[in-house]
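Chemist: Provided herewith: data_19.csv, CSV, C-alpha atoms.
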```
chain,number,residue,atom,x,y,z
A,174,MET,CA,0.0,0.0,0.0
A,175,HIS,CA,1.1,3.6,-0.6
A,176,LEU,CA,1.9,5.5,2.6
A,177,GLY,CA,1.9,9.3,2.8
A,178,ARG,CA,4.8,11.5,3.6
A,179,PRO,CA,6.2,11.3,7.1
A,180,LEU,CA,5.3,14.2,9.4
A,181,GLY,CA,8.2,16.4,10.4
A,182,ARG,CA,9.2,17.6,13.8
A,183,SER,CA,7.4,21.0,13.2
A,184,PHE,CA,4.1,19.1,13.2
A,185,PHE,CA,4.7,17.8,16.7
A,186,ALA,CA,6.3,21.0,18.1
A,187,ARG,CA,3.0,22.5,19.0
A,188,PRO,CA,0.6,22.2,22.0
A,189,SER,CA,-0.6,18.7,22.5
A,190,VAL,CA,-4.3,19.6,22.1
A,191,ASP,CA,-3.6,21.0,18.6
A,192,VAL,CA,-1.5,18.1,17.6
A,193,ALA,CA,-4.1,15.6,18.8
A,194,ARG,CA,-6.8,17.1,16.7
A,195,ASP,CA,-4.7,17.0,13.6
A,196,LEU,CA,-3.5,13.4,14.2
A,197,ILE,CA,-6.9,12.0,13.5
A,198,GLY,CA,-6.7,10.3,10.0
A,199,CYS,CA,-2.9,10.2,10.0
A,200,VAL,CA,-1.2,6.8,9.8
A,201,PHE,CA,1.1,5.3,12.5
A,202,VAL,CA,3.7,3.0,10.9
A,203,ARG,CA,6.2,0.5,12.2
A,204,ARG,CA,8.6,-1.0,9.7
A,205,SER,CA,10.9,-3.8,11.0
A,206,ALA,CA,14.5,-4.3,9.9
A,207,GLU,CA,13.2,-7.3,7.9
A,208,GLY,CA,10.9,-5.0,6.0
A,209,GLN,CA,7.6,-6.0,7.7
A,210,VAL,CA,5.2,-3.1,7.8
A,211,VAL,CA,2.4,-2.7,10.4
A,212,ALA,CA,0.3,0.4,9.9
A,213,GLY,CA,-3.0,1.9,11.2
A,214,ARG,CA,-5.0,5.0,10.7
A,215,LEU,CA,-5.4,6.9,13.9
A,216,VAL,CA,-9.1,7.2,14.9
A,217,GLU,CA,-8.8,8.0,18.6
A,218,VAL,CA,-6.2,9.9,20.6
A,219,GLU,CA,-6.0,11.8,23.9
A,220,ALA,CA,-3.9,15.0,24.6
A,221,TYR,CA,-2.0,15.4,27.8
A,222,ARG,CA,-0.5,18.8,28.8
A,223,GLY,CA,2.6,19.4,30.9
A,224,ASP,CA,2.1,23.0,31.8
A,225,GLY,CA,0.6,22.3,35.2
A,226,SER,CA,-3.0,22.7,34.1
A,227,ASP,CA,-3.7,19.0,33.5
A,228,PRO,CA,-3.9,16.8,36.6
A,229,GLY,CA,-4.4,13.8,34.4
A,230,SER,CA,-1.0,14.2,32.8
A,231,HIS,CA,2.0,12.1,33.9
A,232,ALA,CA,4.0,15.3,33.8
A,233,HIS,CA,1.7,17.2,36.1
A,234,ARG,CA,4.2,17.1,39.1
A,235,GLY,CA,7.2,17.6,36.9
A,236,ARG,CA,9.9,15.4,35.4
A,237,THR,CA,10.6,11.9,36.8
A,238,PRO,CA,12.6,9.0,35.5
A,239,ARG,CA,9.4,7.6,34.1
A,240,THR,CA,8.4,10.7,32.2
A,241,THR,CA,11.8,12.0,30.9
A,242,SER,CA,10.8,11.2,27.3
A,243,MET,CA,7.7,13.3,27.7
A,244,PHE,CA,10.0,16.3,28.1
A,245,GLY,CA,12.1,15.3,25.1
A,246,PRO,CA,12.2,16.2,21.4
A,247,PRO,CA,8.8,16.5,19.8
A,248,GLY,CA,8.0,13.6,17.4
A,249,HIS,CA,9.5,10.9,19.6
A,250,LEU,CA,7.8,8.2,21.6
A,251,TYR,CA,6.8,8.2,25.2
A,252,VAL,CA,6.1,4.6,26.2
A,253,TYR,CA,4.9,3.5,29.6
A,254,LEU,CA,3.4,0.5,31.3
A,255,SER,CA,-0.2,0.8,32.5
A,256,TYR,CA,-1.4,-1.1,35.5
A,257,GLY,CA,1.8,-3.1,35.3
A,258,ILE,CA,0.5,-5.0,32.2
A,259,HIS,CA,-0.3,-2.8,29.1
A,260,VAL,CA,2.3,-1.1,27.1
A,261,CYS,CA,0.9,2.3,25.9
A,262,ALA,CA,2.5,4.7,23.5
A,263,ASN,CA,2.3,8.5,23.1
A,264,LEU,CA,3.7,10.9,20.6
A,265,VAL,CA,5.7,13.7,22.3
A,266,THR,CA,4.6,17.3,21.5
A,267,ASP,CA,5.4,20.9,22.4
A,268,SER,CA,9.0,22.1,22.5
A,269,PRO,CA,11.9,20.3,24.2
A,270,GLY,CA,11.8,20.9,27.9
A,271,GLN,CA,8.0,21.6,27.8
A,272,ALA,CA,6.2,18.3,28.5
A,273,GLY,CA,3.3,17.3,26.3
A,274,ALA,CA,2.1,14.1,24.7
A,275,VAL,CA,-0.7,12.5,22.7
A,276,LEU,CA,-1.8,9.0,23.7
A,277,MET,CA,-2.6,6.8,20.7
A,278,ARG,CA,-5.8,5.0,21.8
A,279,ALA,CA,-7.0,3.3,18.6
A,280,VAL,CA,-6.3,2.8,14.9
A,281,GLU,CA,-8.1,1.4,11.9
A,282,PRO,CA,-5.6,-1.4,10.8
A,283,LEU,CA,-4.3,-0.9,7.3
A,284,ALA,CA,-1.3,-3.1,6.8
A,285,GLY,CA,0.3,-6.1,8.6
A,286,LEU,CA,-3.0,-7.4,9.8
A,287,GLU,CA,-1.7,-11.0,10.0
A,288,ILE,CA,1.2,-9.8,12.2
A,289,MET,CA,-1.3,-7.9,14.4
A,290,ARG,CA,-3.5,-10.9,14.7
A,291,GLU,CA,-0.6,-13.1,15.7
A,292,ARG,CA,0.6,-10.6,18.3
A,293,ARG,CA,-2.9,-10.3,19.7
A,294,GLY,CA,-3.5,-14.0,19.8
A,295,PHE,CA,-6.4,-13.9,17.4
A,296,SER,CA,-7.5,-17.1,15.7
A,297,ILE,CA,-7.6,-17.0,11.8
A,298,ASP,CA,-11.4,-17.6,11.9
A,299,ARG,CA,-12.1,-14.7,14.2
A,300,PRO,CA,-15.2,-12.9,12.7
A,301,SER,CA,-14.0,-9.3,13.3
A,302,ASP,CA,-10.8,-7.4,13.6
A,303,ARG,CA,-12.4,-4.5,15.5
A,304,ALA,CA,-10.6,-5.4,18.7
A,305,LEU,CA,-7.2,-5.6,17.1
A,306,ALA,CA,-6.0,-2.1,18.1
A,307,SER,CA,-9.0,-0.5,19.8
A,308,GLY,CA,-7.6,0.7,23.1
A,309,PRO,CA,-4.1,1.9,24.0
A,310,GLY,CA,-3.0,-1.5,25.4
A,311,ARG,CA,-4.3,-3.4,22.4
A,312,LEU,CA,-2.6,-0.9,20.1
A,313,GLY,CA,0.7,-1.4,21.9
A,314,GLN,CA,0.4,-5.2,21.6
A,315,ALA,CA,-0.6,-5.1,18.0
A,316,PHE,CA,2.4,-3.0,17.0
A,317,GLY,CA,4.7,-5.0,19.2
A,318,LEU,CA,5.7,-2.0,21.3
A,319,GLU,CA,8.0,-2.5,24.3
A,320,LEU,CA,9.3,-0.2,27.1
A,321,GLY,CA,12.6,-0.2,25.3
A,322,HIS,CA,11.0,1.9,22.5
A,323,ASP,CA,10.5,4.8,25.0
A,324,GLY,CA,12.3,7.8,23.6
A,325,ARG,CA,12.6,6.5,20.1
A,326,SER,CA,12.0,8.8,17.1
A,327,ALA,CA,8.7,8.5,15.3
A,328,LEU,CA,9.9,10.8,12.5
A,329,ARG,CA,11.9,8.4,10.4
A,330,GLY,CA,13.2,4.9,10.4
A,331,GLU,CA,11.4,2.1,12.3
A,332,PHE,CA,8.6,4.3,13.5
A,333,SER,CA,6.9,7.1,11.6
A,334,VAL,CA,3.6,9.0,11.5
A,335,ARG,CA,2.3,9.7,7.9
A,336,ALA,CA,0.0,12.4,6.7
A,337,ALA,CA,-3.6,11.3,6.0
A,338,PRO,CA,-4.0,9.9,2.5
A,339,LYS,CA,-5.1,12.7,0.2
A,340,ALA,CA,-7.5,10.4,-1.7
A,341,GLU,CA,-9.6,10.0,1.4
A,342,PRO,CA,-12.1,12.6,2.6
A,343,ALA,CA,-11.1,14.5,5.7
A,344,ALA,CA,-12.2,12.8,8.9
A,345,THR,CA,-14.9,14.4,10.9
A,346,VAL,CA,-13.4,15.0,14.4
A,347,GLU,CA,-15.4,14.9,17.6
A,348,ILE,CA,-14.1,16.0,21.0
A,349,THR,CA,-15.0,14.3,24.2
A,350,ARG,CA,-13.9,13.9,27.8
A,351,ARG,CA,-11.0,11.5,28.4
A,352,ILE,CA,-11.5,7.9,29.5
A,353,GLY,CA,-10.4,6.0,32.6
A,354,LEU,CA,-8.8,8.8,34.6
A,355,THR,CA,-9.2,9.7,38.3
A,356,HIS,CA,-8.1,13.3,37.8
A,357,GLY,CA,-8.7,15.5,34.8
A,358,ALA,CA,-11.2,13.2,33.2
A,359,GLN,CA,-13.6,16.2,32.6
A,360,LEU,CA,-11.1,18.0,30.2
A,361,PRO,CA,-12.2,17.8,26.6
A,362,TYR,CA,-8.9,16.4,25.3
A,363,ARG,CA,-10.1,13.1,23.7
A,364,PHE,CA,-10.3,13.3,19.9
A,365,ILE,CA,-12.1,10.7,17.8
A,366,GLU,CA,-13.2,10.1,14.2
A,367,ALA,CA,-17.0,10.5,14.3
A,368,GLY,CA,-18.7,7.2,13.5
A,369,SER,CA,-15.6,5.1,13.3
A,370,PRO,CA,-16.2,1.4,14.2
A,371,TRP,CA,-12.6,1.1,15.4
A,372,LEU,CA,-12.9,3.2,18.6
A,373,SER,CA,-12.1,1.8,22.0
A,374,ARG,CA,-15.5,2.8,23.2
A,375,SER,CA,-18.3,5.2,22.4
A,376,ALA,CA,-18.0,8.8,23.4
A,377,PRO,CA,-18.5,9.4,27.1
A,378,GLY,CA,-19.8,12.9,26.5
A,379,ARG,CA,-18.6,16.0,24.7
A,380,GLY,CA,-16.6,18.6,26.6
```
As structure tokens, please, write out the structure in this file.
Modeler:
Amino acid sequence: MHLGRPLGRSFFARPSVDVARDLIGCVFVRRSAEGQVVAGRLVEVEAYRGDGSDPGSHAHRGRTPRTTSMFGPPGHLYVYLSYGIHVCANLVTDSPGQAGAVLMRAVEPLAGLEIMRERRGFSIDRPSDRALASGPGRLGQAFGLELGHDGRSALRGEFSVRAAPKAEPAATVEITRRIGLTHGAQLPYRFIEAGSPWLSRSAPGRG
């Protein structure tokens, strides 16, 4: 399949909320050294700010060993373990030293579906692939993400984010509250493609 141009650092060097909105419809790609490609079109993301205004952000209380990558170069990965089980991946935003990130919550699988199914433990006769990467932990598993990928570039090489295919109509973006947070859940920082069947769950309510 034809993948669009990789997004440059300037795309990510903006506030996380702006980047999150513009990521809907873009394509997250992992290309292995052996040439295997896994790709998915982003349909659900959440923005996290690091300016002290967002109590749901890992960076709310400042830099820690866990969150160092969140303060790093825009366009890199911030990868962490959720509940000691699920590997979740963010795209770092803002300017270096100013923490910000966008959590990738769900994609519409486009390439490497057999690889995704194998990683997710799906049987070949499973009737639907909707659960392949619908949720941040599932997405991390489908793309084979590990904690060792924390801090890696998502601009070129093994990982990249590509512009939305021009042949497709622009996605209709809806904004809702975030999901599964104790603090800051009310902030309208979750962005989804309206009507997508690949979302992790339906909208909890618009901000």
Chemist: So how many Å separate atom CA of A:Gly235 and atom CA of A:Leu196, to one decimal?
Modeler: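 We find that atom CA of A:Gly235 and atom CA of A:Leu196 lie 25.4 Å from each other.
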Chemist: Figure out the distance between atom CA of A:Met277 and atom CA of A:Gly223, please, to one decimal in Å.
Modeler: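 Between atom CA of A:Gly223 and atom CA of A:Met277 the gap works out to 17.0 Å.
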Chemist: May I have the residues within 7 Å of A:Phe332 as a ChimeraX atom specification, using only C-alpha atoms and disregarding those fewer than 5 positions away in the same chain?
Modeler: /A:202-204,326-327
Chemist: Considering only C-alpha atoms, return as a list in words whatever protein or nucleic-acid residues lie within 8 Å of stretch 237-246 of chain A, sequence-local ones (same chain, fewer than 2 positions apart) excluded.
Modeler: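 After dropping sequence-adjacent residues, the list is His231, Ala232, Gly235, Gly248, His249, Leu250, Tyr251, Tyr253, Val265, Thr266, Ser268, Pro269, Gly270, Gln271, Ala272, Gly273, Ala274, Asp323 and Gly324 of chain A.
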Chemist: In Å, how far is it from atom CA of A:Arg292 to atom CA of A:Ala315?
Modeler: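 Distance reported for this atom pair: 5.6 Å.
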Chemist: Using all atoms listed in the file, which of the listed residues (A:Arg363, A:Arg311, A:Arg236, A:Arg293) sits closest to A:Glu347?
Modeler: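 Nearest to A:Glu347: A:Arg363.
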Chemist: Take the point (-9.4, 13.8, 7.5) in the file's coordinates, draw a sphere of radius 12 Å around it, and report as a list in words every protein, DNA or RNA residue with an atom inside or on it, counting all atoms listed in the file.
Modeler: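 Residues with an atom at most 12 Å from (-9.4, 13.8, 7.5): Arg194, Asp195, Leu196, Ile197, Gly198, Cys199, Val200, Arg214, Leu215, Val216, Ala336, Ala337, Pro338, Lys339, Ala340, Glu341, Pro342, Ala343, Ala344, Thr345, Val346, Glu347, Ile365, Glu366 and Ala367 of chain A.
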